[in-house]
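*Asks:* The structure's right below; bear with me while I get my questions together.
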Amino acid sequence: PVTTIDGKLTTLLALPPEDGGYANDPILGVVENLGLGPRLLDVAKVYVGVLAATILFIATNAGVIGASRITYSMASHRQLPEVVRRLHPRFKTPWLALVLFAGIAPILVILPGSVNFVGTLYSLGATLSFTVAHTSIVRLRMRRRDESEVPYRARPNVRVGGVDWPLFAIAGGIATGISFLVLVVQNPTTRWVGLGWMVLGLVGYTIYRRFFVHEPVRALTKAPPAFGPALALEYRRLLVPVIGGPSSDAAMDLACRLAAERGSRIVALNVLEVPLDRAVSERLPELERSANRELDEAVAIGDSYGVRVLGRLERARNPGLAIVAEATARGAEIIVLGSPRRTLRTGHAAVFGKTVDYVLKHAPCRVLVAAAEAA
């Protein structure tokens, strides 16, 4: 029942336990006032307790999984630093994101001891997320109104103006949007902390994209696929032979990923293979211009990762021998090679190519081959 206390309308659900209310457990208050018999009331209390614990466990698990998946996806699209999507070598989960968002962040938020603040802050983020999700569905229907082949289309829909308007998304978006506005208006502390946190995130995102990724804020940039724990070793001196083409770009991407997280430097080596009928020191303008363009592209890839790339042009008769010699002279810790994958046939000993196979056999350090699909 609604009563007046100190000139304000309230109910038992809003009063603390010491005043005979159920502020700490409002659902229990509802159950106790349903008019049930003693035995049925005891069963209902147990049922509500088990149900509440199950719901809280599922909600917590969903929040933890959602946070780790979102951060992993954002890092995969270069919206967060690469380290956030690093997988655990055994469990294959983004362990750093889990530790940060399921361990450190909740502890910091709950340290002040204000349960109501934590609850309203969580509700603020949840209602905003659901509102954005519903709005995205509506916007997607508007942008793709002419697409007939859609894998799945939620129902019910109302077709107006050539658009199949999703009724549940519209109703859900309005409801969660109103809830978000109510939380913003009625909770000053939550309002400033929540909105301030979002503004801080947007500023950090803009800085990261423009000054570290060197891409526009709205550009879709997918990071290279994550690799296994073998790449977790620290390599400070990397050598990447570049020859141009997708396989060489894949090798540079992989090398930059290794170097970006550890502040390493990459030497991009382009071996100018001199024909046998020419002197090694003879000028070859066309080949030199092409080689310099390929080195410039390698440097540009390094700049996109914030990695310093040193371009080097070497003349040689045998590219494999020149690569091994350069790695030995520079004390390289790993050579990252790009090569199109070849189908192994009877009588063919080389899987990737003669140069790559030579480097694999004679290199003084580790060799990592980024195998691209054959052209």
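Residue numbering restarts at 1 for every chain of the structure tokens, chains are lettered A, B, ... in their displayed order, and ligands are numbered from 1 as they appear.
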Quick one: everything within 9 Å of segment 356-359 of chain A, counting only C-alpha atoms, minus sequence neighbours fewer than 2 positions away in the same chain. Send it as a PyMOL selection string.

*Replies:* chain A and resi 320-321+323-324+335+337-339+350-354+361-364+367+369

*Asks:* From the options A:Pro241, A:Gly125, A:Pro285, A:Gly263, which residue's atoms come nearest to Val336 of chain A, counting only C-alpha atoms?

*Replies:*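 Using only C-alpha atoms, Val336 of chain A sits closest to A:Pro241.
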
*Asks:* May I ask for the distance between atom CA of Ala259 of chain A and atom CA of Arg236 of chain A, given in Å to one decimal place?

*Replies:*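 Distance between the two atoms: 7.2 Å.
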
*Asks:* How many Å separate atom CA of Val138 of chain A from atom CA of Pro166 of chain A?

*Replies:*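 Distance reported for this atom pair: 6.7 Å.
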
*Asks:* Could you list, with a cut-off of 10 Å and counting only C-alpha atoms, the residues of segment 29-108 of chain A near segment 200-222 of chain A, each shown with its nearest atom pair and the distance in Å rounded to one decimal, rows sorted by chain and ascending number, as a tab-separated table?

*Replies:*
```
residue	atom	partner	partner_atom	distance
A:Ser73	CA	A:Lys222	CA	9.6
A:Met74	CA	A:Lys222	CA	9.3
A:Ala75	CA	A:Lys222	CA	8.7
A:Ser76	CA	A:Lys222	CA	6.0
A:His77	CA	A:Lys222	CA	4.2
A:Arg78	CA	A:Thr221	CA	6.3
A:Gln79	CA	A:Tyr205	CA	6.7
A:Leu80	CA	A:Tyr205	CA	7.4
A:Pro81	CA	A:Tyr208	CA	8.1
```

*Asks:* Export C-alpha atoms of the chosen residues as a PDB file, in the first residue's frame?

*Replies:*
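Just written: selection13.pdb:
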```
ATOM      1  CA  SER A  73      35.790  -7.231 -31.371  1.00  0.00           C
ATOM      2  CA  MET A  74      36.794  -3.585 -30.956  1.00  0.00           C
ATOM      3  CA  ALA A  75      40.468  -4.526 -30.757  1.00  0.00           C
ATOM      4  CA  SER A  76      40.035  -6.721 -33.838  1.00  0.00           C
ATOM      5  CA  HIS A  77      38.786  -3.637 -35.699  1.00  0.00           C
ATOM      6  CA  ARG A  78      41.559  -1.448 -34.273  1.00  0.00           C
ATOM      7  CA  GLN A  79      39.245   0.547 -32.042  1.00  0.00           C
ATOM      8  CA  LEU A  80      41.168  -0.543 -28.940  1.00  0.00           C
ATOM      9  CA  PRO A  81      44.844  -1.479 -28.503  1.00  0.00           C
TER      10      PRO A  81
END
```

*Asks:* Of the residues A:Arg278, A:Arg237, A:Arg141, A:Arg312, which is the one nearest to Ala154 of chain A, using only C-alpha atoms?

*Replies:*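 Between A:Arg278, A:Arg237, A:Arg141, A:Arg312, the residue approaching Ala154 of chain A most closely is A:Arg141.
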
*Asks:* Name the residues in contact with segment 109-122 of chain A at a cut-off of 12 Å, using only C-alpha atoms, excluding same-chain residues fewer than 5 positions from it; report them as a ChimeraX atom specification.

*Replies:* /A:23-24,59-60,63,101-104,127-129,179-180,182-198

*Asks:* Residues within 6 Å of segment 65-70 of chain A, please, as a compact mmCIF listing (two decimals) with N, CA and C atoms, in the first residue's frame. Count only C-alpha atoms; anything in the same chain fewer than 3 positions from it doesn't count.

*Replies:*
```txt
# COMPACT_ATOMS: atom_id res chain seq x y z
N ALA A 62 26.49 -13.03 -18.35
CA ALA A 62 26.26 -12.35 -19.63
C ALA A 62 27.04 -11.05 -19.70
N SER A 73 36.22 -7.66 -30.04
CA SER A 73 35.79 -7.23 -31.37
C SER A 73 36.32 -5.84 -31.69
N ALA A 97 41.11 -8.73 -21.13
CA ALA A 97 39.82 -8.04 -21.09
C ALA A 97 38.97 -8.55 -19.93
N LEU A 98 39.02 -9.87 -19.69
CA LEU A 98 38.26 -10.43 -18.58
C LEU A 98 38.79 -9.93 -17.24
```

*Asks:* When you look at Ala52 of chain A with a cut-off of 10 Å (counting only C-alpha atoms), what residues show up, excluding the ones that are within fewer than 6 positions of it in the same chain? I need them as a PyMOL selection string.

*Replies:* chain A and resi 27+46+58

*Asks:* Need to verify the contact set: Arg145 of chain A, 8 Å, only C-alpha atoms, exclusion of same-chain residues closer than 6 positions in sequence. Can you return it as a JSON list (two decimals) with N, CA and C atoms, in the first residue's frame?

*Replies:*
```json
[["chain", "number", "residue", "atom", "x", "y", "z"],
["A", 162, "GLY", "N", 7.98, 1.55, -48.24],
["A", 162, "GLY", "CA", 8.99, 0.66, -48.78],
["A", 162, "GLY", "C", 9.94, 0.10, -47.74],
["A", 163, "VAL", "N", 9.67, 0.34, -46.46],
["A", 163, "VAL", "CA", 10.54, -0.14, -45.37],
["A", 163, "VAL", "C", 9.74, -1.08, -44.48],
["A", 164, "ASP", "N", 10.33, -2.23, -44.15],
["A", 164, "ASP", "CA", 9.72, -3.15, -43.19],
["A", 164, "ASP", "C", 10.11, -2.72, -41.78]]
```

*Asks:* Going by DSSP on the backbone, which residues of segment 234-369 of chain A come out as alpha helix (DSSP H)? List them as number ranges by chain.

*Replies:* A: 246-260, 285-305, 319-330, 354-362

*Asks:* Could those selected residues go to a file with C-alpha atoms, as a tab-separated table (two decimals), in the first residue's frame?

*Replies:*
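The resulting file, out30.tsv, is shown below:
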```tsv
chain	number	residue	atom	x	y	z
A	246	PRO	CA	49.71	-9.52	-51.02
A	247	SER	CA	52.10	-12.06	-49.50
A	248	SER	CA	54.69	-9.41	-48.72
A	249	ASP	CA	52.02	-7.12	-47.23
A	250	ALA	CA	50.81	-10.00	-45.05
A	251	ALA	CA	54.35	-10.53	-43.78
A	252	MET	CA	54.71	-6.83	-42.96
A	253	ASP	CA	51.37	-6.81	-41.13
A	254	LEU	CA	52.42	-9.79	-39.06
A	255	ALA	CA	55.85	-8.33	-38.29
A	256	CYS	CA	54.31	-5.00	-37.30
A	257	ARG	CA	51.98	-6.77	-34.89
A	258	LEU	CA	54.97	-8.42	-33.26
A	259	ALA	CA	56.89	-5.16	-33.09
A	260	ALA	CA	54.06	-2.81	-32.08
A	285	PRO	CA	66.79	2.37	-62.93
A	286	GLU	CA	63.51	0.55	-63.55
A	287	LEU	CA	64.17	-2.18	-61.01
A	288	GLU	CA	65.46	0.33	-58.46
A	289	ARG	CA	62.36	2.51	-58.75
A	290	SER	CA	60.12	-0.52	-58.31
A	291	ALA	CA	62.13	-1.70	-55.30
A	292	ASN	CA	62.00	1.75	-53.68
A	293	ARG	CA	58.22	1.87	-54.13
A	294	GLU	CA	57.91	-1.47	-52.39
A	295	LEU	CA	60.09	-0.24	-49.53
A	296	ASP	CA	57.98	2.92	-49.24
A	297	GLU	CA	54.87	0.76	-48.95
A	298	ALA	CA	56.52	-1.27	-46.21
A	299	VAL	CA	57.38	1.92	-44.31
A	300	ALA	CA	53.78	3.11	-44.70
A	301	ILE	CA	52.46	-0.15	-43.23
A	302	GLY	CA	54.81	0.30	-40.30
A	303	ASP	CA	53.60	3.88	-39.78
A	304	SER	CA	50.00	2.66	-39.55
A	305	TYR	CA	51.07	0.48	-36.60
A	319	PRO	CA	67.98	-13.47	-52.96
A	320	GLY	CA	67.99	-16.26	-50.39
A	321	LEU	CA	71.71	-15.93	-49.77
A	322	ALA	CA	71.37	-12.14	-49.42
A	323	ILE	CA	68.54	-12.49	-46.89
A	324	VAL	CA	70.52	-14.93	-44.76
A	325	ALA	CA	73.61	-12.71	-44.93
A	326	GLU	CA	71.61	-9.63	-43.88
A	327	ALA	CA	70.04	-11.50	-40.97
A	328	THR	CA	73.47	-12.66	-39.81
A	329	ALA	CA	75.03	-9.21	-40.10
A	330	ARG	CA	72.22	-7.50	-38.18
A	354	LYS	CA	63.17	-21.72	-53.67
A	355	THR	CA	64.02	-18.49	-51.85
A	356	VAL	CA	61.84	-19.23	-48.85
A	357	ASP	CA	63.05	-22.82	-48.62
A	358	TYR	CA	66.66	-21.65	-48.77
A	359	VAL	CA	66.07	-19.19	-45.93
A	360	LEU	CA	64.30	-21.87	-43.87
A	361	LYS	CA	67.32	-24.16	-44.21
A	362	HIS	CA	70.14	-21.65	-43.71
```

*Asks:* What are the DSSP strand (DSSP E or B) residues of segment 3-32 of chain A, as a list in words?

*Replies:* Thr3, Thr4, Ile5, Lys8, Leu9 and Thr10 of chain A

*Asks:* For the residues selected in the previous step, produce a file with C-alpha atoms as a short mmCIF file (atom, residue, chain, number, x, y, z; two decimals), in the first residue's frame.

*Replies:*
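Writing the result to part32.cif gives the following:
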```cif
data_model
loop_
_atom_site.label_atom_id
_atom_site.label_comp_id
_atom_site.auth_asym_id
_atom_site.auth_seq_id
_atom_site.Cartn_x
_atom_site.Cartn_y
_atom_site.Cartn_z
CA THR A 3 1.43 5.72 2.45
CA THR A 4 2.60 9.24 3.23
CA ILE A 5 5.83 9.58 5.22
CA LYS A 8 6.21 11.99 0.55
CA LEU A 9 4.34 9.08 -0.99
CA THR A 10 6.10 5.77 -0.46
#
```

*Asks:* Can you measure atom CA of Leu276 of chain A to atom CA of Gly245 of chain A for me? One decimal in Å is fine.

*Replies:*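 Answer for the atom CA of Leu276 of chain A to atom CA of Gly245 of chain A separation: 24.7 Å.
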
*Asks:* Please identify all polymer residues within 7 Å of Leu12 of chain A, counting only C-alpha atoms, omitting same-chain residues fewer than 2 positions from it, and present them as number ranges by chain.

*Replies:* A: 14-15, 21-22

*Asks:* Just the selected residues (C-alpha atoms), exported as a PDB file, in the first residue's frame, please.

*Replies:*
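Result saved to part.pdb:
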```pdb
ATOM      1  CA  ALA A  14      10.995   1.529  -0.548  1.00  0.00           C
ATOM      2  CA  LEU A  15      11.489   1.416   3.237  1.00  0.00           C
ATOM      3  CA  GLY A  21      10.172  -2.402   4.670  1.00  0.00           C
ATOM      4  CA  TYR A  22      11.650  -4.464   1.878  1.00  0.00           C
TER       5      TYR A  22
END
```
